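To start, the structure under review is shown below, and the notes come after it.
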Amino acid sequence: KFSIEVRDSLRTVIKESQMDHPSAYGSGGQGYGVHLIGASRSMVINHQVTHARHGVVIDFGSSDSQVLGGRFEQMNQALLDIHGEASRDTLIKNTALRDSSIGVIIGGGGRTVHCNDGPRHHVISNHITECGIGVSISDYTEQSYIRANEFSANGTHVGASFGARDIQVSRNSFAMASIK
């Protein structure tokens, strides 16, 4: 029952680890599997998180962050959260995401709490299932690319709201949408 927090770091690699039930996974910035804060060129590789608030949070100006492989499931909020505060150039690739209100949220706090996200977020070749929304892009986030993912049994596979723009959704596989 621990979480990993990376602050103001250049090139951190978290590889082949797992956790479940990080402490205090309720509201208010607690219960994250991995939290990248102002980190640059960080990689989270083949990490597994179950029963948390978020599996990975990328925020406060983090750049060039990558979540590669891994499994994230059974969380009370987004499995992977690109949260705002000018984070940019993010890659989420080859992950298995299951059972949450949101699989991947891009732009997590723009209008009142955090400043908006920066551009260029890539969600590529993931399997996203059993989420209320598979990928949600919001809060004036620009240049998001949702490519070659497999979506199944989500309430909505891809959603955009609150001024999100310049979104490309291509070469994805969309199975039947369903509501839990």
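How things are named: the first chain in the structure tokens is A, the next is B, and so on; residues count from 1 in each chain; ligands count from 1 in the order shown.
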Spatial neighbours of Arg147 of chain A, max dist 9 Å, only C-alpha atoms, sep filter under 5 positions, as a list in words
His122, Val123, Ile124, Ser125, Asn126, Gln168, Val169, Ser170, Arg171 and Asn172 of chain A
Write the residues of the selection above to a file with N, CA and C atoms, as a CSV table (one decimal), in the first residue's frame.
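Everything below was put into selection_15.csv:
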chain,number,residue,atom,x,y,z
A,122,HIS,N,-1.0,11.6,-26.9
A,122,HIS,CA,-1.2,10.4,-27.8
A,122,HIS,C,-1.7,9.2,-27.0
A,123,VAL,N,-2.8,8.6,-27.4
A,123,VAL,CA,-3.3,7.4,-26.8
A,123,VAL,C,-3.4,6.4,-28.0
A,124,ILE,N,-2.4,5.4,-28.0
A,124,ILE,CA,-2.2,4.5,-29.1
A,124,ILE,C,-2.1,3.1,-28.7
A,125,SER,N,-2.9,2.2,-29.4
A,125,SER,CA,-2.8,0.8,-29.3
A,125,SER,C,-3.1,0.2,-27.9
A,126,ASN,N,-4.1,0.8,-27.3
A,126,ASN,CA,-4.5,0.3,-25.9
A,126,ASN,C,-5.8,-0.5,-26.0
A,168,GLN,N,-7.9,14.1,-33.2
A,168,GLN,CA,-7.9,13.1,-34.3
A,168,GLN,C,-8.1,11.7,-33.7
A,169,VAL,N,-9.2,11.1,-34.2
A,169,VAL,CA,-9.6,9.7,-33.8
A,169,VAL,C,-9.5,8.9,-35.0
A,170,SER,N,-8.5,8.0,-35.1
A,170,SER,CA,-8.3,7.2,-36.3
A,170,SER,C,-7.9,5.8,-36.1
A,171,ARG,N,-8.3,4.9,-37.0
A,171,ARG,CA,-7.9,3.5,-37.0
A,171,ARG,C,-8.2,2.7,-35.7
A,172,ASN,N,-9.2,3.1,-35.0
A,172,ASN,CA,-9.6,2.4,-33.8
A,172,ASN,C,-10.6,1.3,-34.1
Closest contacts (segment 18-49 of chain A/segment 77-101 of chain A, max 9 Å, only C-alpha atoms) as a tab-separated table:
residue	atom	partner	partner_atom	distance
A:Gly38	CA	A:Ser87	CA	8.0
A:Asn46	CA	A:Thr95	CA	8.1
A:Val49	CA	A:Leu79	CA	8.8
Taking 3 positions as the minimum chain separation for residues in the same chain, which residues sit within 7 Å of Phe174 of chain A when counting only C-alpha atoms? Answer as a PyMOL selection string.
chain A and resi 150-152
For the residues in that selection, give me all heavy atoms as a short mmCIF file (atom, residue, chain, number, x, y, z; two decimals), in the first residue's frame.
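Okay, again_6.cif is ready:
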data_model
loop_
_atom_site.label_atom_id
_atom_site.label_comp_id
_atom_site.auth_asym_id
_atom_site.auth_seq_id
_atom_site.Cartn_x
_atom_site.Cartn_y
_atom_site.Cartn_z
N GLU A 150 -8.44 -0.49 -29.13
CA GLU A 150 -9.60 -1.38 -29.12
C GLU A 150 -10.52 -0.94 -27.99
O GLU A 150 -10.12 -0.97 -26.82
CB GLU A 150 -9.18 -2.82 -28.91
CG GLU A 150 -8.35 -3.39 -30.03
CD GLU A 150 -7.96 -4.84 -29.75
OE1 GLU A 150 -8.60 -5.51 -28.91
OE2 GLU A 150 -6.99 -5.29 -30.38
N PHE A 151 -11.73 -0.53 -28.34
CA PHE A 151 -12.72 -0.09 -27.35
C PHE A 151 -13.85 -1.12 -27.30
O PHE A 151 -14.36 -1.52 -28.35
CB PHE A 151 -13.32 1.26 -27.76
CG PHE A 151 -12.37 2.42 -27.69
CD1 PHE A 151 -11.63 2.80 -28.80
CD2 PHE A 151 -12.23 3.14 -26.52
CE1 PHE A 151 -10.77 3.89 -28.75
CE2 PHE A 151 -11.36 4.23 -26.45
CZ PHE A 151 -10.64 4.60 -27.57
N SER A 152 -14.26 -1.52 -26.09
CA SER A 152 -15.39 -2.42 -25.96
C SER A 152 -16.10 -2.20 -24.62
O SER A 152 -15.46 -1.89 -23.62
CB SER A 152 -14.95 -3.88 -26.10
OG SER A 152 -14.08 -4.23 -25.05
#
Quick one: residues within 12 Å of Ser62 of chain A, only C-alpha atoms counted, chain neighbours fewer than 2 positions away excluded, as a ChimeraX atom specification?
/A:6-12,35-43,57-60,64-66,82-91,117-119,121
Extract the full set of strand (DSSP E or B) residues from chain A according to DSSP on the backbone, and format it as a PyMOL selection string.
chain A and resi 4-7+10+13-15+18-20+32-37+40+43-45+48-50+54-59+63+66-68+71-73+80-84+88+90-93+96-106+121-124+127-137+142-147+150-152+156-160+165-170+173-174
Atom pair atom CA of Val158 of chain A / atom CA of Val44 of chain A: separation (Å):
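Interatomic distance, atom CA of Val158 of chain A to atom CA of Val44 of chain A: 23.5 Å.
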